[in-house]
Amino acid sequence: MQSKVLLAKNGIEYAFDVSDLSDRPTVVWIHGEFGSFDDPPLNDVLKSTVNLINLHLPGWGKSVGGESFDQINELATAMWWLLEEITENKVFLAGYGLGATVAIEMAIQQPSRISGMVFGSPFGMFNESDPGVDIFALMQKDLLKEIYADPKSELVKRHFPSSDDGYERGLIAIRRVEVLGAASRY
């Protein structure tokens, strides 16, 4: 996978990772609000069988900016702008959490560009009689129990790295606050 950054007209640095684009189907992964943005689920499996594009939402991962966005449809439009710079092909959209919600909005905006969709836990879709927990109010140890079947799995360790070093733990905590701040706008 190659990491790339494009500067948009609005001054936001849009980042993405892309495998070699060929005539295989293209899957676009949009990350959720938590965890590592460098290692989407099934990344290694997918990139051997499809063209894989990992989009970094503005304000998360390697993308910088996005403070001016306050609606999901604005993020979706921005992701289409970025995607149109990468490929003109129809794509399969996949995402988790906030990424799933953005992908759903993308499909609404340009249904003719979509070959298929796979979403996990999109925002805004819940049972009103049992809305679940407030994931933004949970401590990380409690959050992991809510969003992963096995909170001690290798996947969780990659998505939520920990450290014995106090300085590194502080940086991890700061990053989590930054990510929660970005997600709270929506």
# chains A, B, ... in the order shown; residues from 1 in each chain; ligands from 1

call {"tool": "residues_around", "arguments": {"residues": "segment 88-102 of chain A", "least_positions_apart": "3", "cutoff": "10 Å", "atoms": "only C-alpha atoms", "output": "PyMOL selection string"}}
result
chain A and resi 23+25-34+40-41+51-57+71-77+79+83-85+105-108+111-125+147+183+186

call {"tool": "select_by_dssp", "arguments": {"residues": "segment 39-91 of chain A", "states": "strand (DSSP E)", "output": "VMD selection string"}}
result
chain A and resid 51 to 56 91

call {"tool": "residues_around", "arguments": {"residues": "Lys4 of chain A", "least_positions_apart": "3", "cutoff": "9 Å", "atoms": "only C-alpha atoms", "output": "list in words"}}
result
Tyr14, Ala15, Phe16, Asp17 and Val18 of chain A

call {"tool": "write_last_selection", "arguments": {"atoms": "C-alpha atoms", "output": "CSV table (one decimal), in the first residue's frame"}}
result
chain,number,residue,atom,x,y,z
A,14,TYR,CA,-6.7,14.6,2.4
A,15,ALA,CA,-4.7,11.4,2.9
A,16,PHE,CA,-5.3,7.9,1.6
A,17,ASP,CA,-3.6,4.6,1.2
A,18,VAL,CA,-3.9,2.7,-2.1

call {"tool": "residues_around", "arguments": {"residues": "segment 137-145 of chain A", "least_positions_apart": "6", "cutoff": "9 Å", "atoms": "only C-alpha atoms", "output": "number ranges by chain"}}
result
A: 151-152, 156, 160

call {"tool": "select_by_dssp", "arguments": {"residues": "chain A", "states": "helix (DSSP H, G or I)", "output": "VMD selection string"}}
result
chain A and resid 43 to 47 72 to 86 98 to 109 111 to 113 140 to 147 154 to 159 166 to 183

call {"tool": "decode", "arguments": {"residues": "segment 3-27 of chain A", "atoms": "N, CA and C atoms", "output": "PDB file, in the first residue's frame"}}
result
ATOM      1  N   SER A   3       0.996   5.309   0.744  1.00  0.00           N
ATOM      2  CA  SER A   3       0.302   6.417   1.395  1.00  0.00           C
ATOM      3  C   SER A   3       0.510   7.668   0.566  1.00  0.00           C
ATOM      4  N   LYS A   4      -0.556   8.423   0.383  1.00  0.00           N
ATOM      5  CA  LYS A   4      -0.476   9.643  -0.409  1.00  0.00           C
ATOM      6  C   LYS A   4      -1.271  10.735   0.270  1.00  0.00           C
ATOM      7  N   VAL A   5      -0.911  11.970   0.000  1.00  0.00           N
ATOM      8  CA  VAL A   5      -1.640  13.120   0.520  1.00  0.00           C
ATOM      9  C   VAL A   5      -1.918  14.059  -0.644  1.00  0.00           C
ATOM     10  N   LEU A   6      -3.159  14.509  -0.750  1.00  0.00           N
ATOM     11  CA  LEU A   6      -3.550  15.512  -1.744  1.00  0.00           C
ATOM     12  C   LEU A   6      -3.959  16.771  -1.006  1.00  0.00           C
ATOM     13  N   LEU A   7      -3.549  17.901  -1.482  1.00  0.00           N
ATOM     14  CA  LEU A   7      -4.004  19.163  -0.909  1.00  0.00           C
ATOM     15  C   LEU A   7      -5.251  19.618  -1.658  1.00  0.00           C
ATOM     16  N   ALA A   8      -6.321  19.827  -0.928  1.00  0.00           N
ATOM     17  CA  ALA A   8      -7.560  20.280  -1.548  1.00  0.00           C
ATOM     18  C   ALA A   8      -7.571  21.798  -1.629  1.00  0.00           C
ATOM     19  N   LYS A   9      -8.452  22.322  -2.415  1.00  0.00           N
ATOM     20  CA  LYS A   9      -8.583  23.772  -2.566  1.00  0.00           C
ATOM     21  C   LYS A   9      -8.932  24.447  -1.245  1.00  0.00           C
ATOM     22  N   ASN A  10      -9.635  23.744  -0.390  1.00  0.00           N
ATOM     23  CA  ASN A  10     -10.051  24.331   0.890  1.00  0.00           C
ATOM     24  C   ASN A  10      -8.966  24.227   1.960  1.00  0.00           C
ATOM     25  N   GLY A  11      -7.776  23.820   1.586  1.00  0.00           N
ATOM     26  CA  GLY A  11      -6.656  23.789   2.519  1.00  0.00           C
ATOM     27  C   GLY A  11      -6.559  22.538   3.367  1.00  0.00           C
ATOM     28  N   ILE A  12      -7.474  21.600   3.200  1.00  0.00           N
ATOM     29  CA  ILE A  12      -7.427  20.362   3.968  1.00  0.00           C
ATOM     30  C   ILE A  12      -6.509  19.377   3.262  1.00  0.00           C
ATOM     31  N   GLU A  13      -5.661  18.716   4.035  1.00  0.00           N
ATOM     32  CA  GLU A  13      -4.795  17.681   3.480  1.00  0.00           C
ATOM     33  C   GLU A  13      -5.533  16.348   3.567  1.00  0.00           C
ATOM     34  N   TYR A  14      -5.987  15.869   2.433  1.00  0.00           N
ATOM     35  CA  TYR A  14      -6.686  14.593   2.368  1.00  0.00           C
ATOM     36  C   TYR A  14      -5.667  13.486   2.154  1.00  0.00           C
ATOM     37  N   ALA A  15      -5.673  12.498   3.036  1.00  0.00           N
ATOM     38  CA  ALA A  15      -4.730  11.387   2.927  1.00  0.00           C
ATOM     39  C   ALA A  15      -5.477  10.106   2.580  1.00  0.00           C
ATOM     40  N   PHE A  16      -4.786   9.216   1.907  1.00  0.00           N
ATOM     41  CA  PHE A  16      -5.348   7.912   1.585  1.00  0.00           C
ATOM     42  C   PHE A  16      -4.208   6.928   1.367  1.00  0.00           C
ATOM     43  N   ASP A  17      -4.524   5.658   1.490  1.00  0.00           N
ATOM     44  CA  ASP A  17      -3.600   4.574   1.178  1.00  0.00           C
ATOM     45  C   ASP A  17      -4.226   3.809   0.026  1.00  0.00           C
ATOM     46  N   VAL A  18      -3.386   3.389  -0.907  1.00  0.00           N
ATOM     47  CA  VAL A  18      -3.927   2.703  -2.079  1.00  0.00           C
ATOM     48  C   VAL A  18      -3.001   1.570  -2.493  1.00  0.00           C
ATOM     49  N   SER A  19      -3.595   0.428  -2.855  1.00  0.00           N
ATOM     50  CA  SER A  19      -2.821  -0.662  -3.434  1.00  0.00           C
ATOM     51  C   SER A  19      -2.646  -0.354  -4.915  1.00  0.00           C
ATOM     52  N   ASP A  20      -1.902  -1.165  -5.594  1.00  0.00           N
ATOM     53  CA  ASP A  20      -1.755  -0.964  -7.036  1.00  0.00           C
ATOM     54  C   ASP A  20      -3.120  -1.115  -7.691  1.00  0.00           C
ATOM     55  N   LEU A  21      -3.532  -0.096  -8.436  1.00  0.00           N
ATOM     56  CA  LEU A  21      -4.827  -0.155  -9.101  1.00  0.00           C
ATOM     57  C   LEU A  21      -4.695  -0.933 -10.399  1.00  0.00           C
ATOM     58  N   SER A  22      -5.526  -1.933 -10.544  1.00  0.00           N
ATOM     59  CA  SER A  22      -5.523  -2.760 -11.752  1.00  0.00           C
ATOM     60  C   SER A  22      -6.972  -2.935 -12.190  1.00  0.00           C
ATOM     61  N   ASP A  23      -7.234  -3.945 -13.000  1.00  0.00           N
ATOM     62  CA  ASP A  23      -8.599  -4.148 -13.468  1.00  0.00           C
ATOM     63  C   ASP A  23      -9.417  -5.026 -12.519  1.00  0.00           C
ATOM     64  N   ARG A  24      -8.955  -5.177 -11.289  1.00  0.00           N
ATOM     65  CA  ARG A  24      -9.724  -5.914 -10.275  1.00  0.00           C
ATOM     66  C   ARG A  24     -10.793  -4.990  -9.683  1.00  0.00           C
ATOM     67  N   PRO A  25     -11.777  -5.551  -8.982  1.00  0.00           N
ATOM     68  CA  PRO A  25     -12.762  -4.704  -8.295  1.00  0.00           C
ATOM     69  C   PRO A  25     -12.060  -3.799  -7.269  1.00  0.00           C
ATOM     70  N   THR A  26     -12.656  -2.642  -7.002  1.00  0.00           N
ATOM     71  CA  THR A  26     -12.073  -1.679  -6.073  1.00  0.00           C
ATOM     72  C   THR A  26     -12.942  -1.575  -4.822  1.00  0.00           C
ATOM     73  N   VAL A  27     -12.313  -1.773  -3.666  1.00  0.00           N
ATOM     74  CA  VAL A  27     -12.975  -1.628  -2.372  1.00  0.00           C
ATOM     75  C   VAL A  27     -12.433  -0.371  -1.705  1.00  0.00           C
TER      76      VAL A  27
END
